[in-house]
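What follows is a short report on a single structure.
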Amino acid sequence: MRFFKYEGLGNDFVLIEDLDGKAPKDPAFAVRWCDRRFGIGADGILYIMSSTRADAFMKILNSDGSEAEMCGNGIRCMAKHLYDQGLVWKDRMTIDTLAGLRTIDCTVDDGEVSEVTVGMGAPELDCSKIPMKCEGRFVDRELQVDGLALKGTAVSMGNPHFVTFQALGDEQIETLGPKIERHPLFPKKTNVEFARLHGRRIDVRVYERGAAWTLACGTGACATAVAAALNGDAPYGEDIEVRLPGGSLWIKVEEGLSSVAMRGPAKLVYTGELQE
C-alpha cells in the first residue's frame, strides 16, 4: 500500500489515498506506523476519502490511535497532495472533516502548491460545545490543576483547546501539558497551548491531544489567536503571527468571531510502500 510522508512546520503525517475505503483504520494500525523507531514515524495518519459534498473527506488518526475531528496542519498537507497529485484540478477546493466543511485556497508556484490558506470556520466558545463540563464561556477563567490556579481560555476550532498566557517555567509547562490534556473538565480531553506575547507575535508550545508535544498545531495556532483577540492582546481582521517550534503560521480572526483563517506551508517529504 502506497503512502506519502508530509509535514507542516514539523507536524508530520503519513497520508494514504483511500478513495475506495479499504485501507486499515484501526487504532493498532496507526500506533504501529506512527512509531518513530519501529514504523514510519508521524504525529498521525491522514486518509483521503471520497465525499458527496466536498472534493474530499479527511479522516485523521492520531499517533495513539484516537481519532481527531480536525487538524490544521494536516488539512494543508492534504490540500497540497490533492492539487499536486492531480486529484483536484483547482486551487480553491473544499475538504470535509468531522468538524465540518473547510474551504481551501492554494498558492501555486511552478505547478506545485507552496502555501495553503484554510477557512477554519467560526470558533466555538460555549462550554457545552467545546466540550467542557461547565456553563457559559470559559474565557480568561481559572482552571485548577494540582493546586495551581491556571488562568486561560477554552476554544473549539472543531476540536478542543485550552490556551493560557500565564507566565510559567519550562519545567512547569512540561508537567502541566499532559495533566491539562486529561483534566476532568474536558470529557474528550483537550489540546493545550502555552502562549507568550512578543509584541504582535505570539510564541506557542502545544501539547496535542493524542500526540503529546508537537512542533506545530494549526488548530492550536487558531485557538491561541482567538484567545489573544478576546483578551485584547491581538487585533481583529489582521494577520497575527503565531510562532511554533516548527515555524510560523499566520492567523486572521474576523471581528465578531465570524471566522478564522490560517495560512502556512506544507511539504511532501517522501513516498513509500507499506509492507503488511
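Scheme for the C-alpha cells: letters A, B, ... for chains in order shown; per-chain residue numbers from 1; ligand numbers from 1 in order shown.
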Tyr6 of chain A: which residues within 6 Å, counting only C-alpha atoms, same-chain residues fewer than 3 positions away excluded, as an mmCIF file with C-alpha atoms, in the first residue's frame?
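Full text of out-v8.cif as output:
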data_model
loop_
_atom_site.group_PDB
_atom_site.id
_atom_site.type_symbol
_atom_site.label_atom_id
_atom_site.label_comp_id
_atom_site.auth_asym_id
_atom_site.auth_seq_id
_atom_site.Cartn_x
_atom_site.Cartn_y
_atom_site.Cartn_z
ATOM 1 C CA ASP A 12 4.251 15.252 10.284
ATOM 2 C CA PHE A 13 1.799 12.792 8.814
ATOM 3 C CA LYS A 267 5.742 19.891 2.229
ATOM 4 C CA LEU A 268 5.988 16.413 0.732
ATOM 5 C CA VAL A 269 8.943 14.654 2.381
#
| request: Might you pull out every residue within 7 Å of Leu215 of chain A, with only C-alpha atoms counted and same-chain residues fewer than 4 positions away left off, and present them as a list in words? | output: Leu9, Gly10, Asn11, Leu244, Pro245 and Gly246 of chain A
Kindly save the residues from that selection, with N, CA and C atoms included, as an mmCIF file, in the first residue's frame.
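Output file part.cif is given in full below:
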data_model
loop_
_atom_site.group_PDB
_atom_site.id
_atom_site.type_symbol
_atom_site.label_atom_id
_atom_site.label_comp_id
_atom_site.auth_asym_id
_atom_site.auth_seq_id
_atom_site.Cartn_x
_atom_site.Cartn_y
_atom_site.Cartn_z
ATOM 1 N N LEU A 9 5.289 22.524 9.078
ATOM 2 C CA LEU A 9 6.050 23.101 10.189
ATOM 3 C C LEU A 9 6.525 22.030 11.174
ATOM 4 N N GLY A 10 6.864 20.861 10.657
ATOM 5 C CA GLY A 10 7.367 19.796 11.508
ATOM 6 C C GLY A 10 6.300 18.900 12.100
ATOM 7 N N ASN A 11 5.037 19.283 11.979
ATOM 8 C CA ASN A 11 3.913 18.426 12.368
ATOM 9 C C ASN A 11 3.740 17.437 11.209
ATOM 10 N N LEU A 244 5.432 28.718 16.316
ATOM 11 C CA LEU A 244 5.512 27.427 16.989
ATOM 12 C C LEU A 244 6.939 26.905 16.870
ATOM 13 N N PRO A 245 7.308 25.865 17.603
ATOM 14 C CA PRO A 245 8.674 25.349 17.480
ATOM 15 C C PRO A 245 9.090 25.013 16.050
ATOM 16 N N GLY A 246 8.139 24.608 15.209
ATOM 17 C CA GLY A 246 8.461 24.242 13.833
ATOM 18 C C GLY A 246 8.396 25.384 12.842
#
| task | Go through A:Leu185, A:Ala122, A:Cys222, A:Ile173 and flag the residue nearest Leu257 of chain A, using only C-alpha atoms for the distances. | result | A:Ala122
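Using only C-alpha atoms, the nearest neighbour of Met262 of chain A within the list A:Gln144, A:Thr190, A:Ser248, A:Thr94 is A:Ser248.
Atom CA of Phe138 of chain A is found 25.5 Å from atom CA of Leu101 of chain A.
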| task | Extract, using only C-alpha atoms, all DNA, RNA and protein residues at most 8 Å from Ile130 of chain A, discarding same-chain residues fewer than 5 positions from it, and format them as a ChimeraX atom specification. | result | /A:124-125,154-156,159-160
Pull C-alpha atoms from the residues just selected and write them as a CSV table (one decimal), in the first residue's frame.
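Result written to part.csv:
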chain,number,residue,atom,x,y,z
A,124,GLU,CA,-16.9,27.9,19.4
A,125,LEU,CA,-16.7,29.3,22.9
A,154,ALA,CA,-11.2,27.3,26.2
A,155,VAL,CA,-11.8,27.4,22.5
A,156,SER,CA,-13.0,24.8,20.0
A,159,ASN,CA,-11.5,20.2,18.4
A,160,PRO,CA,-11.0,21.4,22.0
